[in-house]
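See below for the structure under consideration.
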Amino acid sequence: MALRPWWPAQHNPQAEIVAADWPSVLAVASENARAAQVQDRYRTLAGDAFKVEFPGGFDVALVTNFLHHFDSPTCTSFLTKVHAALKPGGRVVVLEFVPNPDRVSPPVPARFSLAMLAGTPSGDAYTFAELQQQLEAAGFRNVSAHALPTPETVLLAQK
């Protein structure tokens with residue numbers, strides 16, 4: 001199942017979506033927003049997510065399949081930036097492969113950790129405790145994990 005960030009805008013006529021990514025990715029996302037007929041409430045922030053300035057006042061931020069590319073201090077720094085972009089009480093939704101504390105189960109997240117070790121300078125598939133620490137160090141609270149019918153896990157946290 002593909003993530004559809006414009007889905008809330010289809011179901012809530014007051015929802016607005018702001019997507020941050022590389023220009024080539026946003027070109028495809030913009031086409032999808034047009035196809036979903038929400039292009040009037042969809043805007044983009046093109047460029048490096050660490051350098052692009054995020055506006056403030058968001059209710060929700062989606063951080064999907066992103067943190068595993070970076071080391072823990074870089075993730076915490078990015079999550080601090082996300083925290084600053086949320087309004088009080090706002091939430092972050094993190095989608096990641098999350099291995100168990102033994103780091104060898106479940107199989108898919110454990111294998112993904114090896115892929116990050118081999119394919120990134122310092123990425124990893126973080127355990128729930130590691131992601132919770134990153135989120136809390138960035139200022140988030142009430143961190144919870146929720147299993148999906150896929151090998152990924154959703155983490156929710158509140159500003």
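Note on naming: chains are A, B, ... as they come in the structure tokens, residues start from 1 per chain, ligands start from 1 in the order shown.
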Just want the 10 Å neighbourhood of Val92 of chain A, counted on only C-alpha atoms, with same-chain residues fewer than 4 positions away dropped. Output as a PDB file with all heavy atoms, in the first residue's frame.
ATOM      1  N   PHE A  58       1.876  23.512  12.159  1.00  0.00           N
ATOM      2  CA  PHE A  58       1.280  22.280  11.643  1.00  0.00           C
ATOM      3  C   PHE A  58       0.613  21.485  12.763  1.00  0.00           C
ATOM      4  O   PHE A  58       1.071  21.477  13.897  1.00  0.00           O
ATOM      5  CB  PHE A  58       2.332  21.393  10.963  1.00  0.00           C
ATOM      6  CG  PHE A  58       2.838  21.959   9.674  1.00  0.00           C
ATOM      7  CD1 PHE A  58       4.096  22.532   9.609  1.00  0.00           C
ATOM      8  CD2 PHE A  58       2.056  21.937   8.538  1.00  0.00           C
ATOM      9  CE1 PHE A  58       4.568  23.053   8.422  1.00  0.00           C
ATOM     10  CE2 PHE A  58       2.515  22.461   7.337  1.00  0.00           C
ATOM     11  CZ  PHE A  58       3.777  23.019   7.280  1.00  0.00           C
ATOM     12  N   ASP A  59      -0.468  20.795  12.424  1.00  0.00           N
ATOM     13  CA  ASP A  59      -1.135  19.888  13.350  1.00  0.00           C
ATOM     14  C   ASP A  59      -0.429  18.535  13.397  1.00  0.00           C
ATOM     15  O   ASP A  59      -0.331  17.916  14.451  1.00  0.00           O
ATOM     16  CB  ASP A  59      -2.593  19.651  12.931  1.00  0.00           C
ATOM     17  CG  ASP A  59      -3.431  20.903  13.029  1.00  0.00           C
ATOM     18  OD1 ASP A  59      -3.422  21.540  14.101  1.00  0.00           O
ATOM     19  OD2 ASP A  59      -4.086  21.248  12.034  1.00  0.00           O
ATOM     20  N   VAL A  60       0.023  18.055  12.234  1.00  0.00           N
ATOM     21  CA  VAL A  60       0.618  16.729  12.103  1.00  0.00           C
ATOM     22  C   VAL A  60       1.794  16.810  11.135  1.00  0.00           C
ATOM     23  O   VAL A  60       1.721  17.508  10.121  1.00  0.00           O
ATOM     24  CB  VAL A  60      -0.407  15.699  11.561  1.00  0.00           C
ATOM     25  CG1 VAL A  60       0.230  14.335  11.368  1.00  0.00           C
ATOM     26  CG2 VAL A  60      -1.617  15.603  12.471  1.00  0.00           C
ATOM     27  N   ALA A  61       2.848  16.079  11.454  1.00  0.00           N
ATOM     28  CA  ALA A  61       3.974  15.915  10.536  1.00  0.00           C
ATOM     29  C   ALA A  61       4.184  14.427  10.303  1.00  0.00           C
ATOM     30  O   ALA A  61       4.237  13.648  11.257  1.00  0.00           O
ATOM     31  CB  ALA A  61       5.240  16.538  11.114  1.00  0.00           C
ATOM     32  N   LEU A  62       4.264  14.037   9.049  1.00  0.00           N
ATOM     33  CA  LEU A  62       4.563  12.655   8.681  1.00  0.00           C
ATOM     34  C   LEU A  62       6.053  12.550   8.369  1.00  0.00           C
ATOM     35  O   LEU A  62       6.557  13.298   7.525  1.00  0.00           O
ATOM     36  CB  LEU A  62       3.775  12.231   7.448  1.00  0.00           C
ATOM     37  CG  LEU A  62       2.259  12.311   7.516  1.00  0.00           C
ATOM     38  CD1 LEU A  62       1.658  11.912   6.172  1.00  0.00           C
ATOM     39  CD2 LEU A  62       1.731  11.422   8.621  1.00  0.00           C
ATOM     40  N   VAL A  63       6.736  11.639   9.031  1.00  0.00           N
ATOM     41  CA  VAL A  63       8.149  11.364   8.767  1.00  0.00           C
ATOM     42  C   VAL A  63       8.208   9.895   8.369  1.00  0.00           C
ATOM     43  O   VAL A  63       8.227   9.003   9.213  1.00  0.00           O
ATOM     44  CB  VAL A  63       9.026  11.656  10.005  1.00  0.00           C
ATOM     45  CG1 VAL A  63      10.497  11.352   9.707  1.00  0.00           C
ATOM     46  CG2 VAL A  63       8.849  13.107  10.466  1.00  0.00           C
ATOM     47  N   LEU A  79      14.344  15.695  14.037  1.00  0.00           N
ATOM     48  CA  LEU A  79      13.092  15.648  14.789  1.00  0.00           C
ATOM     49  C   LEU A  79      12.883  16.914  15.616  1.00  0.00           C
ATOM     50  O   LEU A  79      11.743  17.354  15.813  1.00  0.00           O
ATOM     51  CB  LEU A  79      13.053  14.401  15.675  1.00  0.00           C
ATOM     52  CG  LEU A  79      12.916  13.074  14.911  1.00  0.00           C
ATOM     53  CD1 LEU A  79      13.198  11.888  15.830  1.00  0.00           C
ATOM     54  CD2 LEU A  79      11.557  12.956  14.248  1.00  0.00           C
ATOM     55  N   VAL A  82      11.354  19.245  13.202  1.00  0.00           N
ATOM     56  CA  VAL A  82       9.947  18.885  13.019  1.00  0.00           C
ATOM     57  C   VAL A  82       9.133  19.370  14.222  1.00  0.00           C
ATOM     58  O   VAL A  82       8.047  19.947  14.056  1.00  0.00           O
ATOM     59  CB  VAL A  82       9.797  17.358  12.817  1.00  0.00           C
ATOM     60  CG1 VAL A  82       8.337  16.937  12.861  1.00  0.00           C
ATOM     61  CG2 VAL A  82      10.447  16.929  11.505  1.00  0.00           C
ATOM     62  N   HIS A  83       9.653  19.165  15.408  1.00  0.00           N
ATOM     63  CA  HIS A  83       8.983  19.605  16.641  1.00  0.00           C
ATOM     64  C   HIS A  83       8.690  21.097  16.578  1.00  0.00           C
ATOM     65  O   HIS A  83       7.590  21.543  16.916  1.00  0.00           O
ATOM     66  CB  HIS A  83       9.863  19.244  17.842  1.00  0.00           C
ATOM     67  CG  HIS A  83       9.259  19.532  19.167  1.00  0.00           C
ATOM     68  ND1 HIS A  83       9.360  20.757  19.778  1.00  0.00           N
ATOM     69  CD2 HIS A  83       8.538  18.739  20.004  1.00  0.00           C
ATOM     70  CE1 HIS A  83       8.742  20.713  20.941  1.00  0.00           C
ATOM     71  NE2 HIS A  83       8.225  19.501  21.104  1.00  0.00           N
ATOM     72  N   LEU A  86       5.608  22.184  14.531  1.00  0.00           N
ATOM     73  CA  LEU A  86       4.271  21.790  14.989  1.00  0.00           C
ATOM     74  C   LEU A  86       3.711  22.811  15.967  1.00  0.00           C
ATOM     75  O   LEU A  86       4.448  23.410  16.753  1.00  0.00           O
ATOM     76  CB  LEU A  86       4.327  20.425  15.671  1.00  0.00           C
ATOM     77  CG  LEU A  86       4.607  19.238  14.765  1.00  0.00           C
ATOM     78  CD1 LEU A  86       4.885  17.996  15.601  1.00  0.00           C
ATOM     79  CD2 LEU A  86       3.448  18.993  13.818  1.00  0.00           C
ATOM     80  N   LEU A 135      13.016  10.824  19.744  1.00  0.00           N
ATOM     81  CA  LEU A 135      11.827  11.679  19.809  1.00  0.00           C
ATOM     82  C   LEU A 135      11.782  12.483  21.104  1.00  0.00           C
ATOM     83  O   LEU A 135      11.508  13.684  21.097  1.00  0.00           O
ATOM     84  CB  LEU A 135      10.559  10.836  19.640  1.00  0.00           C
ATOM     85  CG  LEU A 135      10.311  10.333  18.220  1.00  0.00           C
ATOM     86  CD1 LEU A 135       9.414   9.096  18.226  1.00  0.00           C
ATOM     87  CD2 LEU A 135       9.711  11.433  17.368  1.00  0.00           C
ATOM     88  N   PHE A 140       9.552  15.654  22.075  1.00  0.00           N
ATOM     89  CA  PHE A 140       8.260  14.982  21.992  1.00  0.00           C
ATOM     90  C   PHE A 140       7.983  14.184  23.261  1.00  0.00           C
ATOM     91  O   PHE A 140       8.889  13.827  24.000  1.00  0.00           O
ATOM     92  CB  PHE A 140       8.209  14.061  20.770  1.00  0.00           C
ATOM     93  CG  PHE A 140       8.135  14.801  19.467  1.00  0.00           C
ATOM     94  CD1 PHE A 140       9.273  14.986  18.697  1.00  0.00           C
ATOM     95  CD2 PHE A 140       6.933  15.331  19.022  1.00  0.00           C
ATOM     96  CE1 PHE A 140       9.218  15.686  17.492  1.00  0.00           C
ATOM     97  CE2 PHE A 140       6.864  16.023  17.827  1.00  0.00           C
ATOM     98  CZ  PHE A 140       8.007  16.200  17.062  1.00  0.00           C
ATOM     99  N   VAL A 143       5.247   8.925  23.483  1.00  0.00           N
ATOM    100  CA  VAL A 143       5.643   8.135  22.315  1.00  0.00           C
ATOM    101  C   VAL A 143       5.011   6.751  22.410  1.00  0.00           C
ATOM    102  O   VAL A 143       5.096   6.089  23.441  1.00  0.00           O
ATOM    103  CB  VAL A 143       7.179   8.019  22.222  1.00  0.00           C
ATOM    104  CG1 VAL A 143       7.583   7.221  20.984  1.00  0.00           C
ATOM    105  CG2 VAL A 143       7.829   9.401  22.213  1.00  0.00           C
ATOM    106  N   LEU A 155       5.020   5.037  14.717  1.00  0.00           N
ATOM    107  CA  LEU A 155       5.220   5.637  16.025  1.00  0.00           C
ATOM    108  C   LEU A 155       4.491   6.967  16.043  1.00  0.00           C
ATOM    109  O   LEU A 155       4.541   7.725  15.056  1.00  0.00           O
ATOM    110  CB  LEU A 155       6.696   5.873  16.308  1.00  0.00           C
ATOM    111  CG  LEU A 155       7.508   4.611  16.617  1.00  0.00           C
ATOM    112  CD1 LEU A 155       7.985   3.983  15.343  1.00  0.00           C
ATOM    113  CD2 LEU A 155       8.646   4.945  17.522  1.00  0.00           C
ATOM    114  N   LEU A 156       3.816   7.239  17.143  1.00  0.00           N
ATOM    115  CA  LEU A 156       3.122   8.507  17.333  1.00  0.00           C
ATOM    116  C   LEU A 156       3.745   9.194  18.538  1.00  0.00           C
ATOM    117  O   LEU A 156       4.078   8.547  19.525  1.00  0.00           O
ATOM    118  CB  LEU A 156       1.640   8.290  17.598  1.00  0.00           C
ATOM    119  CG  LEU A 156       0.840   7.526  16.542  1.00  0.00           C
ATOM    120  CD1 LEU A 156      -0.582   7.301  17.042  1.00  0.00           C
ATOM    121  CD2 LEU A 156       0.835   8.288  15.238  1.00  0.00           C
ATOM    122  N   ALA A 157       3.878  10.514  18.451  1.00  0.00           N
ATOM    123  CA  ALA A 157       4.367  11.290  19.581  1.00  0.00           C
ATOM    124  C   ALA A 157       3.741  12.676  19.518  1.00  0.00           C
ATOM    125  O   ALA A 157       3.313  13.139  18.448  1.00  0.00           O
ATOM    126  CB  ALA A 157       5.883  11.390  19.560  1.00  0.00           C
ATOM    127  N   GLN A 158       3.690  13.340  20.651  1.00  0.00           N
ATOM    128  CA  GLN A 158       3.017  14.623  20.750  1.00  0.00           C
ATOM    129  C   GLN A 158       3.996  15.702  21.190  1.00  0.00           C
ATOM    130  O   GLN A 158       4.902  15.461  21.986  1.00  0.00           O
ATOM    131  CB  GLN A 158       1.884  14.516  21.766  1.00  0.00           C
ATOM    132  CG  GLN A 158       0.992  15.716  21.830  1.00  0.00           C
ATOM    133  CD  GLN A 158      -0.214  15.464  22.722  1.00  0.00           C
ATOM    134  OE1 GLN A 158      -0.228  14.538  23.518  1.00  0.00           O
ATOM    135  NE2 GLN A 158      -1.232  16.274  22.573  1.00  0.00           N
ATOM    136  N   LYS A 159       3.767  16.906  20.651  1.00  0.00           N
ATOM    137  CA  LYS A 159       4.571  18.059  21.059  1.00  0.00           C
ATOM    138  C   LYS A 159       4.099  18.514  22.421  1.00  0.00           C
ATOM    139  O   LYS A 159       2.928  18.516  22.712  1.00  0.00           O
ATOM    140  CB  LYS A 159       4.433  19.191  20.033  1.00  0.00           C
ATOM    141  CG  LYS A 159       5.229  20.417  20.412  1.00  0.00           C
ATOM    142  CD  LYS A 159       5.235  21.450  19.316  1.00  0.00           C
ATOM    143  CE  LYS A 159       6.081  22.644  19.743  1.00  0.00           C
ATOM    144  NZ  LYS A 159       6.223  23.620  18.671  1.00  0.00           N
TER     145      LYS A 159
END
Out of chain A, which residues get strand (DSSP E) from DSSP, as a count of residues only? 41
Using only C-alpha atoms, which residues sit within 9 Å of Leu95 of chain A once same-chain residues fewer than 3 positions away are excluded, as number ranges by chain? A: 62-67, 98, 152-155
Between A:Ala84, A:Pro151, A:Ala137, A:Ala115, which residue has the minimum interatomic distance to Asn100 of chain A, considering only C-alpha atoms? A:Pro151
For atom CA of Leu26 of chain A and atom CA of Gly47 of chain A, determine how far apart the two atoms are, in Å to one decimal place. 9.6 Å
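You can rank A:Arg103, A:His11, A:Lys51, A:Lys87 by their closest distance to Ala129 of chain A using only C-alpha atoms, and at the top of that list sits A:Arg103.
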